[in-house]
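For reference, target07.pdb is printed below; it contains PDB, C-alpha atoms and all ligand atoms.
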```
MODEL        1
ATOM      1  CA  MET A   5    -130.918  96.227  92.438
ATOM      2  CA  ALA A   6    -134.690  96.720  91.900
ATOM      3  CA  PRO A   7    -136.308  98.900  94.594
ATOM      4  CA  GLY A   8    -138.723  97.382  97.123
ATOM      5  CA  ARG A   9    -142.288  97.596  95.769
ATOM      6  CA  VAL A  10    -144.901  98.949  98.194
ATOM      7  CA  LEU A  11    -148.592  99.044  97.292
ATOM      8  CA  VAL A  12    -150.580 101.551  99.349
ATOM      9  CA  ILE A  13    -154.318 100.814  99.650
ATOM     10  CA  ALA A  14    -155.663 103.981 101.272
ATOM     11  CA  GLY A  15    -157.570 107.228 100.986
ATOM     12  CA  SER A  16    -156.321 110.424  99.370
ATOM     13  CA  ASP A  17    -155.688 113.558 101.470
ATOM     14  CA  SER A  18    -155.922 116.587  99.188
ATOM     15  CA  SER A  19    -153.619 118.554 101.523
ATOM     16  CA  GLY A  20    -150.809 116.035 101.025
ATOM     17  CA  GLY A  21    -149.956 115.607 104.703
ATOM     18  CA  ALA A  22    -151.696 112.285 105.352
ATOM     19  CA  GLY A  23    -153.279 109.521 103.289
ATOM     20  CA  LEU A  24    -151.734 108.113 100.170
ATOM     21  CA  GLU A  25    -150.060 111.393  99.211
ATOM     22  CA  ALA A  26    -147.988 111.216 102.401
ATOM     23  CA  ASP A  27    -147.457 107.474 101.957
ATOM     24  CA  GLN A  28    -145.898 107.991  98.523
ATOM     25  CA  LYS A  29    -143.530 110.664  99.825
ATOM     26  CA  VAL A  30    -142.427 108.431 102.704
ATOM     27  CA  ILE A  31    -141.903 105.431 100.445
ATOM     28  CA  ALA A  32    -139.913 107.534  97.948
ATOM     29  CA  ALA A  33    -137.840 109.010 100.791
ATOM     30  CA  HIS A  34    -136.929 105.430 101.745
ATOM     31  CA  GLY A  35    -135.757 104.633  98.212
ATOM     32  CA  CYS A  36    -138.672 102.276  97.517
ATOM     33  CA  TYR A  37    -141.220 102.232  94.689
ATOM     34  CA  ALA A  38    -144.784 103.328  95.612
ATOM     35  CA  MET A  39    -147.998 102.200  93.926
ATOM     36  CA  THR A  40    -151.532 103.143  94.964
ATOM     37  CA  ALA A  41    -155.034 101.686  95.021
ATOM     38  CA  THR A  42    -157.403 104.434  96.165
ATOM     39  CA  THR A  43    -160.256 103.611  98.564
ATOM     40  CA  ALA A  44    -161.673 107.143  98.902
ATOM     41  CA  LEU A  45    -161.011 110.772  98.079
ATOM     42  CA  THR A  46    -161.177 113.425 100.787
ATOM     43  CA  ALA A  47    -161.559 117.178 100.469
ATOM     44  CA  GLN A  48    -159.211 118.047 103.297
ATOM     45  CA  ASN A  49    -156.647 120.487 104.663
ATOM     46  CA  THR A  50    -154.728 120.899 107.922
ATOM     47  CA  LYS A  51    -157.905 122.117 109.673
ATOM     48  CA  GLY A  52    -160.419 119.422 108.780
ATOM     49  CA  VAL A  53    -162.021 116.904 106.431
ATOM     50  CA  TYR A  54    -164.828 118.612 104.482
ATOM     51  CA  ASP A  55    -166.131 115.755 102.346
ATOM     52  CA  ILE A  56    -165.446 112.131 101.474
ATOM     53  CA  HIS A  57    -166.088 110.432  98.132
ATOM     54  CA  LEU A  58    -165.898 106.630  98.178
ATOM     55  CA  VAL A  59    -164.332 104.742  95.289
ATOM     56  CA  PRO A  60    -166.580 101.828  94.243
ATOM     57  CA  PRO A  61    -165.104  98.566  95.591
ATOM     58  CA  GLU A  62    -165.128  96.932  92.105
ATOM     59  CA  PHE A  63    -162.911  99.746  90.833
ATOM     60  CA  LEU A  64    -160.606  99.412  93.850
ATOM     61  CA  ARG A  65    -160.215  95.719  93.074
ATOM     62  CA  LYS A  66    -159.280  96.551  89.466
ATOM     63  CA  GLN A  67    -156.544  98.907  90.689
ATOM     64  CA  ILE A  68    -155.097  96.259  93.006
ATOM     65  CA  ASP A  69    -155.212  93.518  90.355
ATOM     66  CA  ALA A  70    -153.717  95.770  87.659
ATOM     67  CA  VAL A  71    -150.593  96.687  89.615
ATOM     68  CA  ILE A  72    -149.948  93.334  91.266
ATOM     69  CA  GLU A  73    -150.413  91.362  88.045
ATOM     70  CA  ASP A  74    -147.912  93.547  86.208
ATOM     71  CA  VAL A  75    -145.418  95.178  88.599
ATOM     72  CA  GLY A  76    -145.787  92.768  91.533
ATOM     73  CA  VAL A  77    -145.577  93.734  95.175
ATOM     74  CA  ASP A  78    -143.290  93.150  98.145
ATOM     75  CA  VAL A  79    -145.368  94.844 100.856
ATOM     76  CA  VAL A  80    -148.950  96.129 101.046
ATOM     77  CA  LYS A  81    -149.698  99.036 103.387
ATOM     78  CA  THR A  82    -153.328  99.862 104.165
ATOM     79  CA  GLY A  83    -154.691 103.180 105.489
ATOM     80  CA  MET A  84    -158.197 104.668 105.375
ATOM     81  CA  LEU A  85    -160.525 101.798 104.436
ATOM     82  CA  ALA A  86    -163.792 103.752 104.272
ATOM     83  CA  SER A  87    -166.416 100.950 104.341
ATOM     84  CA  ALA A  88    -167.095  97.320 105.237
ATOM     85  CA  GLU A  89    -167.449  96.413 101.564
ATOM     86  CA  THR A  90    -164.084  97.971 100.781
ATOM     87  CA  ILE A  91    -162.464  95.896 103.528
ATOM     88  CA  GLU A  92    -164.026  92.686 102.141
ATOM     89  CA  THR A  93    -162.684  93.583  98.698
ATOM     90  CA  ILE A  94    -159.167  94.186 100.026
ATOM     91  CA  ALA A  95    -159.149  90.959 102.051
ATOM     92  CA  ASP A  96    -160.281  88.982  98.984
ATOM     93  CA  ALA A  97    -157.576  90.594  96.839
ATOM     94  CA  LEU A  98    -154.759  90.060  99.366
ATOM     95  CA  THR A  99    -155.750  86.405  99.691
ATOM     96  CA  HIS A 100    -156.117  85.938  95.909
ATOM     97  CA  HIS A 101    -152.638  87.395  95.262
ATOM     98  CA  SER A 102    -151.075  85.601  98.285
ATOM     99  CA  VAL A 103    -149.604  88.863  99.602
ATOM    100  CA  SER A 104    -147.262  87.802 102.391
ATOM    101  CA  THR A 105    -146.369  91.107 104.060
ATOM    102  CA  VAL A 106    -149.125  93.517 105.104
ATOM    103  CA  VAL A 107    -148.771  96.628 107.277
ATOM    104  CA  LEU A 108    -152.244  97.510 108.560
ATOM    105  CA  ASP A 109    -152.793 101.003 109.972
ATOM    106  CA  PRO A 110    -156.301 100.768 111.480
ATOM    107  CA  VAL A 111    -157.271 104.346 110.655
ATOM    108  CA  MET A 112    -160.599 105.227 112.300
ATOM    109  CA  ILE A 113    -160.812 108.913 113.189
ATOM    110  CA  ALA A 114    -158.671 111.822 111.905
ATOM    111  CA  THR A 115    -156.920 114.090 114.423
ATOM    112  CA  THR A 116    -159.462 116.757 113.464
ATOM    113  CA  GLY A 117    -162.332 114.407 114.445
ATOM    114  CA  ALA A 118    -163.561 113.164 111.042
ATOM    115  CA  GLN A 119    -164.795 109.570 110.970
ATOM    116  CA  LEU A 120    -162.702 107.715 108.363
ATOM    117  CA  LEU A 121    -164.130 104.239 109.060
ATOM    118  CA  PRO A 122    -167.779 103.662 109.984
ATOM    119  CA  PRO A 123    -167.980 101.897 113.376
ATOM    120  CA  GLU A 124    -170.012  99.020 111.896
ATOM    121  CA  ALA A 125    -167.078  98.158 109.587
ATOM    122  CA  ILE A 126    -164.873  97.297 112.549
ATOM    123  CA  HIS A 127    -166.116  93.689 112.698
ATOM    124  CA  VAL A 128    -165.071  93.058 109.104
ATOM    125  CA  LEU A 129    -161.706  94.655 109.809
ATOM    126  CA  GLN A 130    -161.262  92.262 112.713
ATOM    127  CA  SER A 131    -162.467  89.080 111.083
ATOM    128  CA  ARG A 132    -161.041  89.568 107.556
ATOM    129  CA  LEU A 133    -158.012  91.888 107.700
ATOM    130  CA  LEU A 134    -156.399  91.515 111.131
ATOM    131  CA  PRO A 135    -155.541  87.831 110.493
ATOM    132  CA  LEU A 136    -153.753  88.836 107.251
ATOM    133  CA  ALA A 137    -151.624  91.520 108.923
ATOM    134  CA  THR A 138    -147.897  91.137 109.456
ATOM    135  CA  VAL A 139    -147.997  94.183 111.695
ATOM    136  CA  VAL A 140    -150.930  96.315 112.856
ATOM    137  CA  THR A 141    -150.258  99.823 114.202
ATOM    138  CA  PRO A 142    -153.151 101.125 116.385
ATOM    139  CA  ASN A 143    -152.920 104.186 118.585
ATOM    140  CA  ILE A 144    -154.494 103.800 122.030
ATOM    141  CA  PRO A 145    -158.078 104.834 121.107
ATOM    142  CA  GLU A 146    -157.996 102.557 118.030
ATOM    143  CA  ALA A 147    -156.579  99.678 120.091
ATOM    144  CA  LEU A 148    -159.263 100.027 122.765
ATOM    145  CA  PHE A 149    -161.977 100.258 120.141
ATOM    146  CA  LEU A 150    -160.706  97.101 118.429
ATOM    147  CA  LEU A 151    -160.705  95.234 121.730
ATOM    148  CA  ARG A 152    -164.091  96.445 122.942
ATOM    149  CA  GLN A 153    -165.625  95.121 119.729
ATOM    150  CA  SER A 154    -164.073  91.665 120.244
ATOM    151  CA  ASP A 155    -164.033  88.770 122.697
ATOM    152  CA  ALA A 156    -160.513  89.666 123.750
ATOM    153  CA  GLY A 157    -161.025  89.166 127.483
ATOM    154  CA  PRO A 158    -159.618  91.321 130.313
ATOM    155  CA  ALA A 159    -157.811  93.839 128.102
ATOM    156  CA  ALA A 160    -161.164  94.884 126.681
ATOM    157  CA  ASP A 161    -162.054  96.087 130.171
ATOM    158  CA  ILE A 162    -159.276  98.652 130.400
ATOM    159  CA  GLY A 163    -161.187 101.910 130.703
ATOM    160  CA  ALA A 164    -158.277 104.285 130.197
ATOM    161  CA  VAL A 165    -154.592 103.611 129.710
ATOM    162  CA  SER A 166    -152.706 104.833 132.755
ATOM    163  CA  LYS A 167    -149.355 103.051 132.568
ATOM    164  CA  ILE A 168    -146.941 101.346 130.190
ATOM    165  CA  ASP A 169    -147.989  97.888 131.413
ATOM    166  CA  ASP A 170    -151.494  98.584 130.064
ATOM    167  CA  LEU A 171    -150.026  99.057 126.579
ATOM    168  CA  GLU A 172    -148.401  95.626 126.799
ATOM    169  CA  VAL A 173    -151.651  93.955 127.881
ATOM    170  CA  ILE A 174    -153.484  95.664 125.019
ATOM    171  CA  GLY A 175    -150.831  94.627 122.480
ATOM    172  CA  GLN A 176    -150.914  91.021 123.650
ATOM    173  CA  ALA A 177    -154.724  90.931 123.464
ATOM    174  CA  ILE A 178    -154.828  92.369 119.929
ATOM    175  CA  ARG A 179    -152.205  89.855 118.823
ATOM    176  CA  LYS A 180    -154.659  87.099 119.791
ATOM    177  CA  LEU A 181    -157.007  88.479 117.107
ATOM    178  CA  GLY A 182    -154.585  87.290 114.404
ATOM    179  CA  PRO A 183    -151.828  89.740 113.402
ATOM    180  CA  LYS A 184    -148.231  88.527 113.725
ATOM    181  CA  TRP A 185    -147.045  91.765 115.345
ATOM    182  CA  VAL A 186    -148.822  94.632 117.097
ATOM    183  CA  LEU A 187    -147.364  98.103 117.579
ATOM    184  CA  VAL A 188    -149.402  99.999 120.178
ATOM    185  CA  LYS A 189    -148.518 103.677 119.705
ATOM    186  CA  GLY A 190    -148.309 105.426 123.061
ATOM    187  CA  GLY A 191    -148.758 109.017 121.881
ATOM    188  CA  HIS A 192    -152.069 109.304 123.780
ATOM    189  CA  CYS A 193    -150.456 108.255 127.088
ATOM    190  CA  PRO A 194    -148.657 111.272 128.636
ATOM    191  CA  LEU A 195    -145.590 110.103 130.568
ATOM    192  CA  ARG A 196    -142.737 111.519 132.630
ATOM    193  CA  LYS A 197    -139.222 110.099 132.195
ATOM    194  CA  ASP A 198    -139.675 107.735 135.168
ATOM    195  CA  GLY A 199    -142.695 106.108 133.462
ATOM    196  CA  THR A 200    -145.329 107.724 135.688
ATOM    197  CA  VAL A 201    -148.272 109.528 134.113
ATOM    198  CA  ALA A 202    -147.811 113.261 133.507
ATOM    199  CA  GLU A 203    -150.675 115.324 134.879
ATOM    200  CA  THR A 204    -150.092 118.334 132.626
ATOM    201  CA  GLU A 205    -148.777 118.912 129.089
ATOM    202  CA  GLU A 206    -145.727 120.708 130.578
ATOM    203  CA  GLU A 207    -144.815 117.579 132.553
ATOM    204  CA  ARG A 208    -144.782 115.338 129.473
ATOM    205  CA  GLU A 209    -141.274 114.100 128.755
ATOM    206  CA  THR A 210    -141.465 110.807 126.956
ATOM    207  CA  VAL A 211    -143.504 108.620 124.587
ATOM    208  CA  VAL A 212    -143.418 104.834 124.826
ATOM    209  CA  ASP A 213    -144.605 102.649 121.945
ATOM    210  CA  VAL A 214    -144.947  98.934 122.641
ATOM    211  CA  LEU A 215    -144.258  96.239 120.046
ATOM    212  CA  VAL A 216    -145.546  92.709 120.682
ATOM    213  CA  GLY A 217    -144.739  89.730 118.469
ATOM    214  CA  GLU A 218    -142.878  86.460 118.195
ATOM    215  CA  ASP A 219    -139.141  86.060 118.582
ATOM    216  CA  SER A 220    -137.972  84.305 115.394
ATOM    217  CA  ALA A 221    -135.211  82.388 117.237
ATOM    218  CA  THR A 222    -137.196  81.067 120.223
ATOM    219  CA  GLY A 223    -140.798  81.168 118.971
ATOM    220  CA  LYS A 224    -141.760  82.858 122.246
ATOM    221  CA  GLU A 225    -143.772  86.070 122.550
ATOM    222  CA  ILE A 226    -141.595  89.147 122.916
ATOM    223  CA  VAL A 227    -142.464  92.645 124.045
ATOM    224  CA  VAL A 228    -140.247  95.537 122.983
ATOM    225  CA  ARG A 229    -140.587  99.025 124.486
ATOM    226  CA  LEU A 230    -139.567 101.846 122.183
ATOM    227  CA  GLU A 231    -139.002 105.050 124.089
ATOM    228  CA  SER A 232    -138.538 108.480 122.582
ATOM    229  CA  GLU A 233    -138.374 112.040 123.826
ATOM    230  CA  TYR A 234    -141.757 113.829 123.636
ATOM    231  CA  CYS A 235    -141.859 116.746 121.238
ATOM    232  CA  ALA A 236    -144.844 119.108 121.615
ATOM    233  CA  SER A 237    -145.940 120.119 118.108
ATOM    234  CA  ARG A 238    -149.033 121.049 116.095
ATOM    235  CA  ASN A 239    -147.389 119.456 113.052
ATOM    236  CA  THR A 240    -148.546 115.884 113.540
ATOM    237  CA  HIS A 241    -150.976 115.540 110.626
ATOM    238  CA  GLY A 242    -150.352 112.170 108.995
ATOM    239  CA  THR A 243    -147.932 110.790 111.598
ATOM    240  CA  GLY A 244    -149.824 107.472 111.674
ATOM    241  CA  CYS A 245    -149.816 107.121 107.871
ATOM    242  CA  SER A 246    -146.152 108.106 107.697
ATOM    243  CA  LEU A 247    -145.056 105.658 110.394
ATOM    244  CA  ALA A 248    -146.889 102.734 108.789
ATOM    245  CA  SER A 249    -145.413 103.597 105.368
ATOM    246  CA  ALA A 250    -141.912 103.911 106.822
ATOM    247  CA  ILE A 251    -142.307 100.462 108.412
ATOM    248  CA  ALA A 252    -143.660  99.063 105.112
ATOM    249  CA  SER A 253    -140.677 100.525 103.208
ATOM    250  CA  ASN A 254    -138.203  99.111 105.724
ATOM    251  CA  LEU A 255    -139.834  95.678 105.394
ATOM    252  CA  ALA A 256    -139.622  95.985 101.588
ATOM    253  CA  LYS A 257    -135.892  96.578 102.152
ATOM    254  CA  ARG A 258    -135.846  93.245 104.019
ATOM    255  CA  MET A 259    -135.351  94.579 107.537
ATOM    256  CA  GLU A 260    -136.621  92.455 110.443
ATOM    257  CA  ILE A 261    -139.787  93.775 112.134
ATOM    258  CA  PRO A 262    -138.283  95.216 115.345
ATOM    259  CA  ALA A 263    -135.564  97.066 113.385
ATOM    260  CA  ALA A 264    -138.096  98.242 110.775
ATOM    261  CA  VAL A 265    -140.371  99.644 113.497
ATOM    262  CA  ARG A 266    -137.516 101.285 115.432
ATOM    263  CA  ALA A 267    -136.244 103.004 112.287
ATOM    264  CA  GLY A 268    -139.819 104.026 111.375
ATOM    265  CA  CYS A 269    -140.349 105.712 114.758
ATOM    266  CA  ARG A 270    -137.032 107.604 114.433
ATOM    267  CA  TYR A 271    -137.977 108.737 110.904
ATOM    268  CA  VAL A 272    -141.354 110.164 112.038
ATOM    269  CA  GLN A 273    -139.886 111.908 115.092
ATOM    270  CA  ALA A 274    -137.220 113.590 112.982
ATOM    271  CA  GLY A 275    -139.989 114.584 110.525
ATOM    272  CA  ILE A 276    -142.009 116.262 113.303
ATOM    273  CA  ARG A 277    -138.933 118.132 114.576
ATOM    274  CA  SER A 278    -138.130 119.509 111.114
ATOM    275  CA  ALA A 279    -141.767 120.089 109.980
ATOM    276  CA  PRO A 280    -142.209 122.947 107.480
ATOM    277  CA  GLY A 281    -145.087 124.502 109.498
ATOM    278  CA  LEU A 282    -147.645 124.655 106.691
ATOM    279  CA  GLY A 283    -151.334 125.506 107.075
ATOM    280  CA  GLY A 284    -153.258 126.945 109.986
ATOM    281  CA  GLY A 285    -154.190 123.691 111.735
ATOM    282  CA  ASN A 286    -152.327 120.410 112.224
ATOM    283  CA  GLY A 287    -149.506 120.768 109.702
ATOM    284  CA  PRO A 288    -147.648 117.998 107.877
ATOM    285  CA  LEU A 289    -144.275 116.487 108.811
ATOM    286  CA  ASN A 290    -141.118 116.944 106.823
ATOM    287  CA  HIS A 291    -141.008 113.710 104.800
ATOM    288  CA  PHE A 292    -137.592 114.236 103.207
ATOM    289  CA  HIS A 293    -134.845 114.508 105.785
TER     290      HIS A 293
HETATM  291  N1  LIG B   1    -156.992 111.544 105.757
HETATM  292  C1  LIG B   1    -156.678 110.365 105.240
HETATM  293  C2  LIG B   1    -157.061 110.084 103.834
HETATM  294  C3  LIG B   1    -156.016 109.442 106.024
HETATM  295  O1  LIG B   1    -155.693 108.247 105.534
HETATM  296  C4  LIG B   1    -155.672 109.757 107.371
HETATM  297  C5  LIG B   1    -154.937 108.866 108.239
HETATM  298  O2  LIG B   1    -154.590 107.793 107.997
HETATM  299  C6  LIG B   1    -156.016 110.968 107.862
HETATM  300  C7  LIG B   1    -156.672 111.844 107.027
HETATM  301  C8  LIG B   1    -155.773 111.301 109.284
HETATM  302  O3  LIG B   1    -154.651 112.021 109.459
HETATM  303  P1  LIG B   1    -154.352 112.642 110.876
HETATM  304  O4  LIG B   1    -155.243 112.033 111.873
HETATM  305  O5  LIG B   1    -152.938 112.274 111.113
HETATM  306  O6  LIG B   1    -154.539 114.102 110.728
ENDMDL
END
```
As structure tokens, the full file:
Amino acid sequence: MAPGRVLVIAGSDSSGGAGLEADQKVIAAHGCYAMTATTALTAQNTKGVYDIHLVPPEFLRKQIDAVIEDVGVDVVKTGMLASAETIETIADALTHHSVSTVVLDPVMIATTGAQLLPPEAIHVLQSRLLPLATVVTPNIPEALFLLRQSDAGPAADIGAVSKIDDLEVIGQAIRKLGPKWVLVKGGHCPLRKDGTVAETEEERETVVDVLVGEDSATGKEIVVRLESEYCASRNTHGTGCSLASAIASNLAKRMEIPAAVRAGCRYVQAGIRSAPGLGGGNGPLNHFH
């Protein structure tokens, strides 16, 4: 049987732990076929991003057209989008090629603090790309930023996330902006096992991600809580990219969304636990396990 075809539209991370280098490893580890359309190059390692070189949007469009017109695509996964013009180009291309399954990782700021999407591009992301997304995977700061820049109502007023219920409200509000499913990643919300907020790093026991979407049988909105044991680690570089690519691969293998997301979370957690410990900063995960 032909492998699932995943096209990654993202930035390159020269250190191989995040960006499209990580995406390709994850997709290969899932037995799928990875293709890339590069939005930007970064000079980067585990300690920081030292420079960014944008790929001209016309060239990006040529990459997307070339692979889709020949090889075809089952799932598109997007990562670092770099500029408003790039986002417009991607939205035009996805619409032109009628791409039906899109995993959108709304990458904004790297763990090391580098700005990977200019704040003014957020409106284009919202108006053009969010409505095309099958699943969008914000962490809490990205989710709050998306909502504050929209007319999403009460959820936009949440100052800080202090409980699991807040994650559900945020997920439901982002879903109103157009994506079919929203995975709010709870890594920035420190929790004890009983669901209360941990005051110190030592008290952290659990991470809860919240998935909001539509139940295919009933057509009603469903909220799924995905709980996992917290693992303190410096080796978390590229976890967001890797999770989104794992979900994209699972969808290319025709899994349903909740199962694809559950399996993706397990894959990333196992990757953190068995990380090779490379570099002096935030090291990469183990992608092949
Ligand atoms: N560099 C590139 C090119 C990325 O696409 C991303 C995330 O998507 C990062 C860096 C950020 O990686 P992290 O914040 O996990 O270190």
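Minimum atom-to-atom distance to ligand LIG 1 (chain B), evaluated using only C-alpha atoms and all ligand atoms, belongs to A:Ala86 out of A:Val10, A:Ala86, A:Val59, A:Leu129.
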Item to check | Hits from the PyMOL selection byres (((chain A and resi 274) around 12) and not hetatm), listed as a ChimeraX atom specification | outcome: /A:232-235,239-240,243,246-247,267-273,275-280,289-293
Pick out the residues sitting within 8 Å of Gly35 in chain A, and hand them over as an mmCIF file with C-alpha atoms, in the frame of the given file; count only C-alpha atoms, and ignore anything fewer than 2 positions along from it in its own chain.
```cif
data_model
loop_
_atom_site.group_PDB
_atom_site.id
_atom_site.type_symbol
_atom_site.label_atom_id
_atom_site.label_comp_id
_atom_site.auth_asym_id
_atom_site.auth_seq_id
_atom_site.Cartn_x
_atom_site.Cartn_y
_atom_site.Cartn_z
ATOM 1 C CA PRO A 7 -136.308 98.900 94.594
ATOM 2 C CA GLY A 8 -138.723 97.382 97.123
ATOM 3 C CA ILE A 31 -141.903 105.431 100.445
ATOM 4 C CA ALA A 32 -139.913 107.534 97.948
ATOM 5 C CA ALA A 33 -137.840 109.010 100.791
ATOM 6 C CA TYR A 37 -141.220 102.232 94.689
#
```
Checklist entry - Do you know which residues are within 8 Å of ligand LIG 1 (chain B) using all atoms listed in the file? Can you write them as a ChimeraX atom specification? => result /A:14-17,21-24,44-46,48,50,53,83-84,109,111-117,120,240-245,286
Generate a file of the selected residues that holds C-alpha atoms, formatted as a compact mmCIF listing (two decimals), keeping the file's coordinate frame.
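Output file result05.txt is given in full below:
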```txt
# COMPACT_ATOMS: atom_id res chain seq x y z
CA ALA A 14 -155.66 103.98 101.27
CA GLY A 15 -157.57 107.23 100.99
CA SER A 16 -156.32 110.42 99.37
CA ASP A 17 -155.69 113.56 101.47
CA GLY A 21 -149.96 115.61 104.70
CA ALA A 22 -151.70 112.28 105.35
CA GLY A 23 -153.28 109.52 103.29
CA LEU A 24 -151.73 108.11 100.17
CA ALA A 44 -161.67 107.14 98.90
CA LEU A 45 -161.01 110.77 98.08
CA THR A 46 -161.18 113.42 100.79
CA GLN A 48 -159.21 118.05 103.30
CA THR A 50 -154.73 120.90 107.92
CA VAL A 53 -162.02 116.90 106.43
CA GLY A 83 -154.69 103.18 105.49
CA MET A 84 -158.20 104.67 105.38
CA ASP A 109 -152.79 101.00 109.97
CA VAL A 111 -157.27 104.35 110.66
CA MET A 112 -160.60 105.23 112.30
CA ILE A 113 -160.81 108.91 113.19
CA ALA A 114 -158.67 111.82 111.90
CA THR A 115 -156.92 114.09 114.42
CA THR A 116 -159.46 116.76 113.46
CA GLY A 117 -162.33 114.41 114.44
CA LEU A 120 -162.70 107.72 108.36
CA THR A 240 -148.55 115.88 113.54
CA HIS A 241 -150.98 115.54 110.63
CA GLY A 242 -150.35 112.17 109.00
CA THR A 243 -147.93 110.79 111.60
CA GLY A 244 -149.82 107.47 111.67
CA CYS A 245 -149.82 107.12 107.87
CA ASN A 286 -152.33 120.41 112.22
```
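One finds CA of Thr105 in chain A at 11.2 Å from CA of Val140 in chain A.
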Checklist outcome for this item: In terms of all atoms listed in the file, the residue from A:His34, A:Lys81, A:His192, A:Glu260 at minimal distance from Ser220 in chain A is A:Glu260
Checklist entry - Quick one: residues within 7 Å of Gly175 in chain A, all atoms listed in the file counted, chain neighbours fewer than 5 positions away excluded, as JSON, numbers by chain? => result {"A": [186, 187, 188, 216]}
Within 10 Å of Glu205 in chain A, counting all atoms listed in the file, which residues show up once you throw out same-chain ones fewer than 6 positions away? Write them as a PDB file with C-alpha atoms, keeping the file's coordinate frame, please.
```pdb
ATOM      1  CA  PRO A 194    -148.657 111.272 128.636  1.00  0.00           C
ATOM      2  CA  LEU A 195    -145.590 110.103 130.568  1.00  0.00           C
ATOM      3  CA  ALA A 236    -144.844 119.108 121.615  1.00  0.00           C
TER       4      ALA A 236
END
```
Checklist entry - What separation in Å, quoted to one decimal, exists between CA of Val79 in chain A and CA of Ile13 in chain A? => result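 These atoms are spaced 10.8 Å apart.
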Item to check | Counting all atoms listed in the file, the residue of A:Ser237, A:Ser87, A:Gln153, A:Asn143 that sits nearest Val212 in chain A | outcome: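 Ranked by minimum distance to Val212 in chain A, first place goes to A:Asn143.
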Axis-aligned box for range 282-292 of chain A, 4 Å per side, centre and edges in Å as JSON:
```
{"center_x": -145.9, "center_y": 120.3, "center_z": 107.7, "size_x": 24.6, "size_y": 21.2, "size_z": 17.0}
```
Checklist entry - CA of Glu146 in chain A to CA of Arg238 in chain A: how many Å, to one decimal? => result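 Computed distance, CA of Glu146 in chain A to CA of Arg238 in chain A, equals 20.6 Å.
Residue nearest Lys184 in chain A, chosen from A:Val211, A:Ala221, A:Val106, A:Arg229 and counting all atoms listed in the file: A:Val106.
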Checklist outcome for this item: Lys29 in chain A proximity check over A:Gln119, A:Ala256, A:Gly284, A:Ala250, using only C-alpha atoms: winner is A:Ala250
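By all atoms listed in the file, and with residues fewer than 5 positions from Glu89 in chain A along its chain excluded, the set lying at most 10 Å from it is A:Pro60, A:Pro61, A:Glu62, A:Ile94, A:Ala95, A:Ala125, A:Val128.
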Item to check | Non-local contacts of Cys193 in chain A (10 Å; only C-alpha atoms; under 4 positions in same chain excluded) as a PyMOL selection string | outcome: chain A and resi 143-144+164-168+171+189+201-202+208+210-213
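Using only C-alpha atoms, the smallest distance between any of A:Val75, A:Glu92, A:Cys36, A:Pro110 and Met5 in chain A comes from A:Cys36.
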Next on the checklist: Expand the PyMOL selection byres (((chain A and resi 99) around 12) and not hetatm) into the explicit residue set it covers here, and present it as a ChimeraX atom specification.
Outcome noted: /A:68-69,80,92-98,100-106,132-133,135-137
